[in-house]
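The data block below is protein11.cif; it holds mmCIF, C-alpha atoms and all ligand atoms.
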data_final
loop_
_atom_site.label_atom_id
_atom_site.label_comp_id
_atom_site.auth_asym_id
_atom_site.auth_seq_id
_atom_site.Cartn_x
_atom_site.Cartn_y
_atom_site.Cartn_z
CA VAL A 551 17.31 22.20 -19.78
CA SER A 552 14.10 20.21 -19.81
CA ALA A 553 11.60 20.99 -17.07
CA LEU A 554 11.46 18.18 -14.55
CA PRO A 555 8.28 17.28 -12.69
CA PRO A 556 8.36 19.11 -9.36
CA ALA A 557 9.70 16.97 -6.54
CA PRO A 558 6.95 16.29 -4.02
CA ALA A 559 7.21 18.06 -0.70
CA GLU A 560 6.28 14.79 0.98
CA ALA A 561 6.91 11.21 -0.04
CA ARG A 562 4.09 8.86 0.82
CA LEU A 563 4.56 5.22 1.70
CA VAL A 564 1.71 2.79 2.11
CA VAL A 565 2.43 0.89 5.31
CA GLN A 566 -0.77 -1.04 5.90
CA THR A 567 -3.08 -1.49 2.93
CA GLY A 568 -6.16 -2.51 4.92
CA ALA A 569 -6.31 -5.96 3.30
CA THR A 570 -5.49 -7.65 6.61
CA ALA A 571 -8.18 -5.59 8.33
CA LEU A 572 -10.77 -6.66 5.77
CA THR A 573 -9.90 -10.33 6.31
CA ALA A 574 -10.04 -9.82 10.06
CA ALA A 575 -13.45 -8.15 9.67
CA LEU A 576 -14.77 -11.33 8.10
CA PHE A 577 -13.50 -13.45 11.02
CA ALA A 578 -14.73 -10.93 13.55
CA THR A 579 -18.31 -10.79 12.33
CA ALA A 580 -18.55 -14.50 11.44
CA PHE A 581 -17.39 -15.54 14.93
CA ALA A 582 -19.57 -12.91 16.63
CA TYR A 583 -22.66 -14.30 14.91
CA GLY A 584 -21.34 -17.83 15.54
CA ALA A 585 -21.11 -17.05 19.27
CA VAL A 586 -24.68 -15.76 19.37
CA LEU A 587 -25.99 -18.74 17.38
CA ALA A 588 -24.06 -21.26 19.48
CA GLY A 589 -25.34 -19.55 22.64
CA LEU A 590 -28.93 -19.83 21.45
CA ILE A 591 -28.51 -23.49 20.48
CA VAL A 592 -26.88 -24.36 23.81
CA ALA A 593 -29.60 -22.49 25.72
CA ALA A 594 -32.33 -24.25 23.78
CA THR A 595 -30.99 -27.81 23.95
CA SER A 596 -29.18 -28.00 27.26
CA THR A 597 -31.21 -29.47 30.09
CA GLY A 598 -28.59 -28.84 32.76
CA ALA A 599 -29.17 -32.32 34.18
CA ASP A 600 -26.04 -33.99 32.84
CA PRO A 601 -22.72 -32.56 34.22
CA SER A 602 -20.85 -33.72 31.07
CA GLU A 603 -22.92 -31.19 29.13
CA ARG A 604 -20.97 -28.37 30.73
CA PHE A 605 -18.32 -28.57 28.02
CA ILE A 606 -20.98 -27.44 25.57
CA TYR A 607 -21.00 -24.03 27.29
CA LEU A 608 -17.42 -23.55 26.17
CA VAL A 609 -18.41 -23.41 22.49
CA PRO A 610 -20.08 -19.98 22.50
CA ILE A 611 -17.37 -18.66 24.86
CA VAL A 612 -14.58 -19.75 22.49
CA PHE A 613 -16.47 -18.23 19.56
CA ALA A 614 -16.87 -14.96 21.45
CA GLY A 615 -13.15 -14.95 22.35
CA VAL A 616 -12.11 -15.41 18.71
CA ALA A 617 -14.56 -12.66 17.69
CA ILE A 618 -13.08 -10.21 20.20
CA GLY A 619 -9.52 -11.09 19.14
CA SER A 620 -10.42 -10.61 15.46
CA ASN A 621 -11.93 -7.20 16.17
CA VAL A 622 -8.74 -6.08 17.90
CA TRP A 623 -6.71 -7.50 15.01
CA ALA A 624 -8.83 -5.62 12.43
CA TRP A 625 -8.52 -2.38 14.41
CA ARG A 626 -4.72 -2.69 14.55
CA ALA A 627 -4.43 -3.62 10.87
CA ARG A 628 -6.48 -0.72 9.52
CA ALA A 629 -4.97 1.22 6.65
CA SER A 630 -2.13 3.65 7.34
CA ASP A 631 0.27 5.79 5.34
CA VAL A 632 3.57 7.37 6.34
CA PHE A 633 4.56 10.72 4.84
CA LEU A 634 8.25 11.64 4.78
CA SER A 635 9.44 15.21 4.26
CA GLU A 636 12.46 17.37 4.89
CA ALA A 637 11.05 18.15 8.33
CA GLY A 638 10.28 14.64 9.54
CA LEU A 639 7.68 11.94 9.28
CA ARG A 640 3.98 11.86 10.02
CA LEU A 641 1.25 9.23 9.99
CA GLU A 642 -2.18 9.18 8.51
CA GLY A 643 -4.63 6.42 9.34
CA GLY A 644 -4.05 3.64 11.83
CA ARG A 645 -3.14 3.83 15.46
CA TRP A 646 -0.86 6.87 15.27
CA SER A 647 -2.94 8.90 12.82
CA GLY A 648 -2.11 12.61 13.06
CA ARG A 649 1.16 12.08 14.96
CA ALA A 650 4.35 13.60 13.59
CA TRP A 651 8.00 13.51 14.59
CA THR A 652 10.82 15.75 13.38
CA TRP A 653 14.05 14.11 12.23
CA ALA A 654 15.79 15.60 15.27
CA GLU A 655 13.47 13.56 17.49
CA VAL A 656 14.25 10.28 15.74
CA ASP A 657 17.03 8.02 17.00
CA VAL A 658 18.04 6.16 13.86
CA ASP A 659 20.15 3.57 15.72
CA ARG A 660 17.17 2.37 17.73
CA THR A 661 14.73 2.52 14.83
CA ARG A 662 14.34 -1.06 13.63
CA LEU A 663 12.15 -3.96 12.60
CA VAL A 664 11.25 -6.41 15.35
CA THR A 665 10.11 -9.94 14.56
CA ASP A 666 8.00 -11.73 17.16
CA PHE A 667 8.60 -15.45 16.68
CA ASN A 668 5.92 -16.25 19.25
CA ALA A 669 3.22 -14.75 17.04
CA SER A 670 2.70 -16.46 13.72
CA VAL A 671 -0.01 -17.04 11.15
CA THR A 672 -0.07 -20.00 8.77
CA THR A 673 -2.03 -19.72 5.54
CA ASN A 674 -1.89 -22.50 2.94
CA GLY A 675 1.12 -24.01 4.69
CA HIS A 676 3.06 -20.73 4.59
CA ARG A 677 4.00 -19.43 8.02
CA THR A 678 4.59 -15.74 8.62
CA TYR A 679 5.59 -14.01 11.84
CA ARG A 680 4.47 -10.72 13.26
CA ARG A 681 6.93 -7.98 12.36
CA ALA A 682 6.73 -4.49 13.73
CA PHE A 683 8.35 -1.20 12.80
CA VAL A 684 9.70 0.41 15.95
CA LEU A 685 10.56 4.10 15.81
CA GLY A 686 13.26 4.96 18.36
CA LEU A 687 13.10 8.49 19.73
CA THR A 688 15.95 10.55 21.15
CA ASN A 689 14.00 11.03 24.40
CA GLY A 690 14.27 7.28 24.98
CA GLU A 691 10.74 6.38 23.97
CA GLU A 692 9.94 3.69 21.43
CA VAL A 693 6.87 3.83 19.24
CA GLU A 694 5.53 0.82 17.33
CA LEU A 695 4.34 2.54 14.16
CA ALA A 696 2.90 -0.51 12.43
CA SER A 697 2.93 -4.29 12.52
CA SER A 698 1.83 -7.02 10.20
CA PHE A 699 1.84 -10.75 9.51
CA ASP A 700 1.71 -10.12 5.78
CA ASP A 701 4.82 -10.63 3.59
CA ALA A 702 3.94 -7.73 1.30
CA GLU A 703 3.37 -5.41 4.23
CA HIS A 704 6.72 -6.53 5.68
CA ALA A 705 8.31 -5.26 2.45
CA SER A 706 6.66 -1.89 3.10
CA LEU A 707 8.08 -1.81 6.62
CA GLU A 708 11.56 -2.61 5.28
CA ALA A 709 11.25 0.17 2.71
CA LEU A 710 10.22 2.56 5.45
CA LEU A 711 13.25 1.63 7.52
CA VAL A 712 15.56 2.16 4.56
CA ALA A 713 13.91 5.49 3.80
CA VAL A 714 14.25 6.70 7.41
CA GLN A 715 17.90 5.61 7.55
CA ALA A 716 18.59 7.33 4.23
CA ARG A 717 17.11 10.59 5.55
CA LEU A 718 19.21 10.56 8.70
CA ALA A 719 22.43 9.10 7.34
CA PRO A 720 22.41 10.02 3.64
CA ALA A 721 24.30 7.64 1.39
CA PRO A 722 27.29 9.16 -0.41
CA VAL A 723 26.44 10.48 -3.88
CA ALA A 724 26.89 7.65 -6.34
CA ALA A 725 29.67 7.97 -8.88
CA PRO A 726 28.54 8.40 -12.50
CA VAL A 727 27.77 5.07 -14.13
CA GLU A 728 30.45 3.75 -16.46
CA GLY A 729 29.90 4.57 -20.12
CA LEU A 730 27.24 7.17 -19.52
CA LEU A 731 27.19 10.80 -20.43
CA GLY A 732 29.32 12.89 -18.09
CA CYS A 733 30.05 16.59 -18.19
CA GLY A 734 33.55 17.37 -19.52
CA SER A 735 33.83 20.52 -17.41
CA CYS A 736 32.56 19.48 -13.99
CA GLY A 737 32.18 15.70 -14.16
CA ALA A 738 28.48 15.63 -13.25
CA PRO A 739 26.36 12.88 -14.82
CA VAL A 740 24.18 14.46 -17.51
CA ALA A 741 20.72 13.40 -18.68
CA PRO A 742 21.09 12.87 -22.42
CA GLN A 743 18.84 14.92 -24.72
CA PRO A 744 17.79 14.00 -28.25
CA ALA A 745 20.05 16.70 -29.69
CA GLU A 746 23.67 17.32 -30.69
CA THR A 747 24.45 18.50 -27.18
CA SER A 748 22.91 17.98 -23.75
CA PRO A 749 23.10 20.77 -21.18
CA CYS A 750 24.82 20.03 -17.88
CA TRP A 751 22.46 20.69 -14.98
CA SER A 752 25.39 21.56 -12.74
CA CYS A 753 27.56 24.01 -14.69
CA GLY A 754 25.50 24.67 -17.82
CA ALA A 755 28.16 23.37 -20.25
CA ALA A 756 26.95 21.92 -23.56
CA VAL A 757 27.96 18.26 -23.50
CA PRO A 758 28.11 16.54 -26.91
CA THR A 759 25.56 13.69 -27.08
CA PRO A 760 26.83 10.55 -28.83
CA ALA A 761 24.57 9.85 -31.84
CA ALA A 762 23.60 6.35 -30.64
CA LEU A 763 22.56 7.69 -27.23
CA ALA A 764 20.56 10.54 -28.80
CA ASP A 765 18.74 7.92 -30.93
CA LYS A 766 17.89 5.92 -27.80
CA VAL A 767 16.53 9.03 -26.09
CA ARG A 768 14.45 9.78 -29.20
CA ALA A 769 13.08 6.22 -29.12
CA ALA A 770 12.30 6.52 -25.39
CA GLN A 771 10.47 9.81 -26.01
CA ARG A 772 8.50 8.27 -28.89
CA VAL A 773 7.38 5.57 -26.45
CA ALA A 774 6.46 8.29 -23.93
CA ALA A 775 4.39 10.19 -26.53
CA GLY A 776 2.19 7.14 -27.12
CA ARG A 777 1.60 6.51 -23.45
CA GLY A 778 -1.31 8.79 -22.63
CA ALA A 779 -3.44 5.99 -21.18
CA ALA A 780 -0.61 4.55 -19.08
CA GLU A 781 0.30 8.04 -17.83
CA ALA A 782 -3.31 8.68 -16.81
CA ARG A 783 -3.51 5.30 -15.04
CA ILE A 784 -0.30 5.87 -13.06
CA ARG A 785 -1.34 9.43 -12.24
CA SER A 786 -4.68 8.26 -10.85
CA TRP A 787 -2.89 5.70 -8.64
CA LEU A 788 -0.45 8.32 -7.39
CA GLU A 789 -3.29 10.71 -6.58
CA GLN A 790 -5.54 8.16 -4.87
CA PRO A 791 -7.17 9.09 -1.57
CA PRO A 792 -5.19 8.51 1.64
CA ALA A 793 -5.54 5.73 4.19
CA ALA A 794 -8.44 7.46 5.93
CA ALA A 795 -10.69 6.85 2.91
CA VAL A 796 -10.06 3.10 3.07
CA ASN A 797 -10.64 3.13 6.82
CA ARG A 798 -14.03 4.75 6.26
CA TRP A 799 -14.96 1.87 3.94
CA LEU A 800 -13.66 -0.62 6.52
CA ALA A 801 -15.80 1.08 9.17
CA ALA A 802 -18.81 0.86 6.84
CA VAL A 803 -18.17 -2.87 6.35
CA PHE A 804 -18.10 -3.38 10.13
CA MET A 805 -21.21 -1.29 10.80
CA VAL A 806 -23.24 -2.92 8.08
CA ARG A 807 -22.24 -6.47 9.12
CA TYR A 808 -22.88 -5.92 12.83
CA GLY A 809 -26.01 -3.92 12.08
CA LEU A 810 -27.50 -6.54 9.76
CA PRO A 811 -29.98 -8.01 12.27
CA LEU A 812 -31.25 -4.53 13.12
CA LEU A 813 -31.38 -3.45 9.48
CA LEU A 814 -33.24 -6.63 8.53
CA CYS A 815 -35.75 -6.13 11.35
CA LEU A 816 -36.40 -2.49 10.43
CA GLY A 817 -36.57 -3.11 6.71
CA SER A 818 -37.77 -6.69 6.47
CA GLY A 819 -39.58 -5.95 3.20
CA GLN A 820 -36.22 -4.98 1.69
CA TRP A 821 -34.17 -7.90 3.04
CA ALA A 822 -32.78 -8.83 -0.39
CA ALA A 823 -31.65 -5.26 -1.16
CA ILE A 824 -30.09 -4.97 2.33
CA LEU A 825 -28.09 -8.22 1.98
CA LEU A 826 -26.93 -7.41 -1.55
CA GLY A 827 -26.04 -3.84 -0.56
CA ALA A 828 -24.00 -5.09 2.41
CA TRP A 829 -22.08 -7.47 0.16
CA THR A 830 -21.46 -4.71 -2.41
CA ILE A 831 -19.99 -2.39 0.26
CA GLY A 832 -17.46 -5.11 1.11
CA ARG A 833 -16.47 -5.38 -2.54
CA VAL A 834 -16.07 -1.59 -2.90
CA CYS A 835 -13.77 -1.69 0.13
CA TRP A 836 -11.69 -4.43 -1.48
CA LEU A 837 -11.42 -2.41 -4.70
CA THR A 838 -10.01 0.61 -2.83
CA ILE A 839 -7.52 -1.70 -1.12
CA ILE A 840 -6.37 -3.12 -4.47
CA ASP A 841 -5.53 0.43 -5.58
CA ARG A 842 -3.41 0.83 -2.45
CA PHE A 843 -1.45 -2.26 -3.50
CA ALA A 844 -0.83 -0.51 -6.83
CA TYR A 845 0.46 2.62 -5.11
CA ARG A 846 2.70 0.60 -2.86
CA SER A 847 4.19 -1.28 -5.78
CA LEU A 848 4.80 1.98 -7.67
CA SER A 849 6.68 3.47 -4.75
CA LEU A 850 8.62 0.30 -3.87
CA ASP A 851 9.37 -1.22 -7.27
CA TRP A 852 9.04 1.48 -9.89
CA ALA A 853 10.10 4.82 -8.39
CA ALA A 854 13.11 6.51 -9.97
CA ARG A 855 15.99 7.18 -7.62
CA PRO A 856 16.00 10.73 -6.37
CA ALA A 857 18.36 13.28 -7.82
CA ALA A 858 21.89 13.03 -6.47
CA ALA A 859 21.97 16.79 -5.80
CA PRO A 860 19.46 19.65 -5.86
CA GLY A 861 18.75 20.53 -9.48
CA ALA A 862 20.15 17.26 -10.81
CA PRO A 863 17.96 14.96 -12.91
CA PRO A 864 16.32 11.90 -11.29
CA ARG A 865 18.16 8.63 -11.83
CA CYS A 866 17.03 5.30 -13.24
CA ARG A 867 15.87 2.86 -10.55
CA ALA A 868 17.65 0.00 -12.35
CA CYS A 869 20.98 1.43 -13.55
CA ALA A 870 21.22 4.85 -11.84
CA ALA A 871 21.77 6.67 -15.13
CA PRO A 872 20.31 10.19 -15.19
CA ILE A 873 16.96 10.25 -16.98
CA ALA A 874 15.49 13.07 -19.03
CA PRO A 875 11.71 12.93 -18.76
CA ARG A 876 9.55 15.18 -20.90
CA ALA A 877 7.96 18.04 -18.95
CA GLY A 878 5.11 16.83 -16.77
CA ASP A 879 5.51 13.09 -17.48
CA VAL A 880 5.15 10.66 -14.60
CA ILE A 881 6.75 7.74 -16.42
CA ALA A 882 10.06 7.88 -18.19
CA ARG A 883 12.02 5.19 -19.97
CA CYS A 884 15.73 5.07 -19.24
CA ALA A 885 17.78 5.61 -22.39
CA ALA A 886 20.62 3.58 -20.94
CA CYS A 887 18.85 0.37 -19.92
CA ASP A 888 15.22 0.69 -21.20
CA ALA A 889 13.72 0.32 -17.71
CA ASP A 890 10.56 2.32 -17.04
CA ASN A 891 10.67 4.67 -14.07
CA VAL A 892 7.89 6.38 -12.17
CA LEU A 893 8.64 9.97 -11.17
CA GLY A 894 7.32 11.98 -8.29
CA VAL A 895 7.60 9.32 -5.56
CA ASP A 896 10.87 10.06 -3.85
CA LEU A 897 11.48 7.61 -1.04
CA ALA A 898 15.25 7.97 -0.83
CA ARG A 899 15.59 4.24 -1.07
CA ALA A 900 18.73 2.21 -0.75
CA GLU A 901 20.88 1.89 -3.83
CA ALA A 902 21.12 -1.88 -3.59
CA GLU A 903 17.47 -2.63 -3.17
CA VAL A 904 16.20 -2.23 -6.72
CA GLN A 905 13.80 -4.31 -8.76
CA VAL A 906 15.68 -4.72 -12.01
CA ALA A 907 13.58 -7.54 -13.39
CA ARG A 908 10.53 -5.43 -14.13
CA VAL A 909 11.28 -3.30 -17.13
CA ASP A 910 8.04 -2.48 -18.91
CA ILE A 911 5.40 -0.64 -16.90
CA GLU A 912 2.61 -1.61 -19.29
CA GLN A 913 2.97 -5.17 -17.91
CA PHE A 914 2.42 -3.83 -14.41
CA ILE A 915 -0.63 -1.82 -15.50
CA ALA A 916 -2.06 -4.90 -17.24
CA ALA A 917 -1.49 -7.05 -14.16
CA GLN A 918 -3.20 -4.44 -11.97
CA ALA A 919 -6.10 -4.14 -14.41
CA GLU A 920 -6.50 -7.92 -14.21
CA ARG A 921 -6.42 -7.78 -10.44
CA ARG A 922 -9.15 -5.11 -10.40
CA GLY A 923 -11.21 -6.74 -13.14
CA TRP A 924 -13.29 -9.24 -11.19
CA PRO A 925 -13.88 -7.07 -8.07
CA ARG A 926 -15.02 -4.27 -10.41
CA VAL A 927 -17.52 -6.57 -12.10
CA GLN A 928 -18.68 -7.66 -8.63
CA VAL A 929 -19.23 -4.05 -7.55
CA GLY A 930 -21.18 -3.30 -10.74
CA LEU A 931 -23.31 -6.43 -10.48
CA GLY A 932 -23.79 -5.91 -6.75
CA ALA A 933 -25.01 -2.34 -7.22
CA LEU A 934 -27.33 -3.41 -10.03
CA ALA A 935 -28.71 -6.38 -8.07
CA THR A 936 -29.24 -4.15 -5.01
CA ALA A 937 -31.22 -1.65 -7.10
CA VAL A 938 -33.31 -4.40 -8.74
CA ALA A 939 -33.98 -6.03 -5.37
CA PHE A 940 -34.98 -2.65 -3.93
CA VAL A 941 -37.48 -1.96 -6.72
CA TRP A 942 -38.80 -5.53 -6.43
CA GLY A 943 -39.14 -5.12 -2.66
CA ALA A 944 -40.94 -1.79 -3.08
CA LEU A 945 -43.43 -3.22 -5.58
CA ALA A 946 -44.08 -6.48 -3.73
ZN ZN B 1 29.01 20.43 -15.83
ZN ZN B 2 18.45 2.56 -16.56
#

What does the file become when written as structure tokens?
Amino acid sequence: VSALPPAPAEARLVVQTGATALTAALFATAFAYGAVLAGLIVAATSTGADPSERFIYLVPIVFAGVAIGSNVWAWRARASDVFLSEAGLRLEGGRWSGRAWTWAEVDVDRTRLVTDFNASVTTNGHRTYRRAFVLGLTNGEEVELASSFDDAEHASLEALLVAVQARLAPAPVAAPVEGLLGCGSCGAPVAPQPAETSPCWSCGAAVPTPAALADKVRAAQRVAAGRGAAEARIRSWLEQPPAAAVNRWLAAVFMVRYGLPLLLCLGSGQWAAILLGAWTIGRVCWLTIIDRFAYRSLSLDWAARPAAAPGAPPRCRACAAPIAPRAGDVIARCAACDADNVLGVDLARAEAEVQVARVDIEQFIAAQAERRGWPRVQVGLGALATAVAFVWGALA
């Protein structure tokens, strides 16, 4: 029996990436400075003689209102993760950071997604509504764990709902897929090995492996052997720091932006280095958020289905066939349908909700690399420009 990667004690789901918070931070600081500027202009130009001028006073007030609203929005949208385990669920980051509930405390029938059609955001002609994940508790309380206007974050909330429902009302064990290897003695679906026989995980019987299937497993393992770089990439995404790390960067973005006037006054000789450094911090924050998108996609679109029973092999996300990964691998290609699967992120997702279209994980890695490419260059250039500006400022 091949050694399977150990199942994680906790499954982690990215609920809020922090991308919304970073956008809100831009609005918040821009409107805060706009309010101050508008206030100064109004104070300088208004004579107070003409009553029609009073409308002018509204401009800085409106700016200040939008700034306050954007700050609240950013605070609510800060990054958060949910961790699911045998015991229950807990949150890290966001409004409920540090809170945990056992499964016995959760009322699955009242746990749901709530869409608020009175709250909407329109970007580029696309309207989205505020959706919230409401956790119902057996003591009658209801807790809004997270909310978002963002389509992608809505998908995370849906996945969380499915995962919670699956924990509390487990789906019946799926029947073995037609035409796949099944144990002759006990009927369990067996992960095919590249050998004459494949051992049954359930009863230990040696199940003869059809030659064509053994060849496919051999081909899948050859692919796996040449995937060191992809394995390392996926591993680094799976091991990335939790939501709190992103929230620290978000906090740094806020502090630097609001502190700019003070920083520029204190270090006026280094104004160029201060401005470039502030911009670079924003880009670093964005880069950490992009990696959270990667993690979320791995857990939502690429994760193998969990084993149907303790000790059973994980199953292909696309076709549910048992897969036989090599010891320690985090990606495994399904011998039955050629879909790549990521192991070690067990969300107990619904059987129906599977991304079949994406087969080759190298495409995903390439797309993510492309997504990171330009922000990475920006961070590098920003850091370099900050250093050059600092030296220039010190010499001048
Ligand atoms: Zn068996
Ligand atoms: Zn498959």

Give the residue list for ligand ZN 2 (chain B) at 6 Å, counting all atoms listed in the file, as an MDAnalysis selection string, sorted by chain and then by residue number.
chainID A and resid 866 868:871 884 886:889

Name the residues, by chain letter and number, that sit within 6 Å of ligand ZN 1 (chain B) using all atoms listed in the file, and give them as a ChimeraX atom specification.
/A:733,735-738,750,752-755

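Across A:Tyr845, A:Ile873, A:Ala828, A:Leu641, the tightest approach to Gly809 (chain A) is made by A:Ala828 when counting only C-alpha atoms.
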
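The coordinates place CA of Ala624 (chain A) at 29.2 Å from CA of Leu934 (chain A).
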
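Checking A:Cys835, A:Leu826, A:Ala585, A:Ala705 one by one against Tyr607 (chain A), counting all atoms listed in the file, you find the shortest gap at A:Ala585.
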
Using all atoms listed in the file, which residues sit within 6 Å of Ala862 (chain A) once same-chain residues fewer than 3 positions away are excluded, as a list in words?
Trp751, Ala857 and Ala859 of chain A

All residues 9 Å or closer to Leu710 (chain A), only C-alpha atoms, same chain fewer than 2 positions away omitted, as number ranges by chain
A: 563, 565, 632, 683, 705-708, 712-715, 897, 899

Selected residue of minimal separation from Leu639 (chain A) among A:Val656, A:Ala774, A:Ala756, A:Ala588, counting all atoms listed in the file
A:Val656

Would you mind reading off the distance between CA of Ala650 (chain A) and CA of Ala574 (chain A), one decimal, in Å?
27.7 Å

Neighbour list for Val616 (chain A) as an mmCIF file with C-alpha atoms, in the frame of the given file, cut-off 12 Å, all atoms listed in the file, skip fewer than 2 positions in-chain:
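Okay, this is what ended up in out_19.cif:
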data_model
loop_
_atom_site.group_PDB
_atom_site.id
_atom_site.type_symbol
_atom_site.label_atom_id
_atom_site.label_comp_id
_atom_site.auth_asym_id
_atom_site.auth_seq_id
_atom_site.Cartn_x
_atom_site.Cartn_y
_atom_site.Cartn_z
ATOM 1 C CA ALA A 574 -10.040 -9.820 10.060
ATOM 2 C CA ALA A 575 -13.450 -8.150 9.670
ATOM 3 C CA LEU A 576 -14.770 -11.330 8.100
ATOM 4 C CA PHE A 577 -13.500 -13.450 11.020
ATOM 5 C CA ALA A 578 -14.730 -10.930 13.550
ATOM 6 C CA THR A 579 -18.310 -10.790 12.330
ATOM 7 C CA ALA A 580 -18.550 -14.500 11.440
ATOM 8 C CA PHE A 581 -17.390 -15.540 14.930
ATOM 9 C CA ALA A 582 -19.570 -12.910 16.630
ATOM 10 C CA TYR A 583 -22.660 -14.300 14.910
ATOM 11 C CA GLY A 584 -21.340 -17.830 15.540
ATOM 12 C CA ALA A 585 -21.110 -17.050 19.270
ATOM 13 C CA VAL A 609 -18.410 -23.410 22.490
ATOM 14 C CA PRO A 610 -20.080 -19.980 22.500
ATOM 15 C CA ILE A 611 -17.370 -18.660 24.860
ATOM 16 C CA VAL A 612 -14.580 -19.750 22.490
ATOM 17 C CA PHE A 613 -16.470 -18.230 19.560
ATOM 18 C CA ALA A 614 -16.870 -14.960 21.450
ATOM 19 C CA ILE A 618 -13.080 -10.210 20.200
ATOM 20 C CA GLY A 619 -9.520 -11.090 19.140
ATOM 21 C CA SER A 620 -10.420 -10.610 15.460
ATOM 22 C CA ASN A 621 -11.930 -7.200 16.170
ATOM 23 C CA VAL A 622 -8.740 -6.080 17.900
ATOM 24 C CA TRP A 623 -6.710 -7.500 15.010
#

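Those residues that approach Pro758 (chain A) to within 8 Å, counting all atoms listed in the file, are Glu746, Thr747 and Ser748 of chain A; same-chain residues fewer than 5 positions away are not listed.
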
How big is the axis-aligned box, and where does its centre sit, when it encloses all atoms of region 745-763 of chain A listed in the file and has 5 Å added on every side, reported in Å to one decimal as JSON?
{"center_x": 24.1, "center_y": 15.5, "center_z": -22.3, "size_x": 18.1, "size_y": 28.3, "size_z": 29.1}

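Using all atoms listed in the file for every distance, the candidate list A:Trp821, A:Trp852, A:Trp924, A:Phe914 yields A:Trp821 as the residue closest to Gly943 (chain A).
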
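CA of Gly568 (chain A) is positioned 22.4 Å from CA of Ala933 (chain A).
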
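Minimum distance to Gln928 (chain A) across A:Leu945, A:Ala853, A:Ile831, A:Ala916 (counting all atoms listed in the file) occurs at A:Ile831.
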
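Nearest residue to Ser647 (chain A), choosing from A:Ala669, A:Gly686, A:Ser697, A:Ala794 and counting only C-alpha atoms: A:Ala794.
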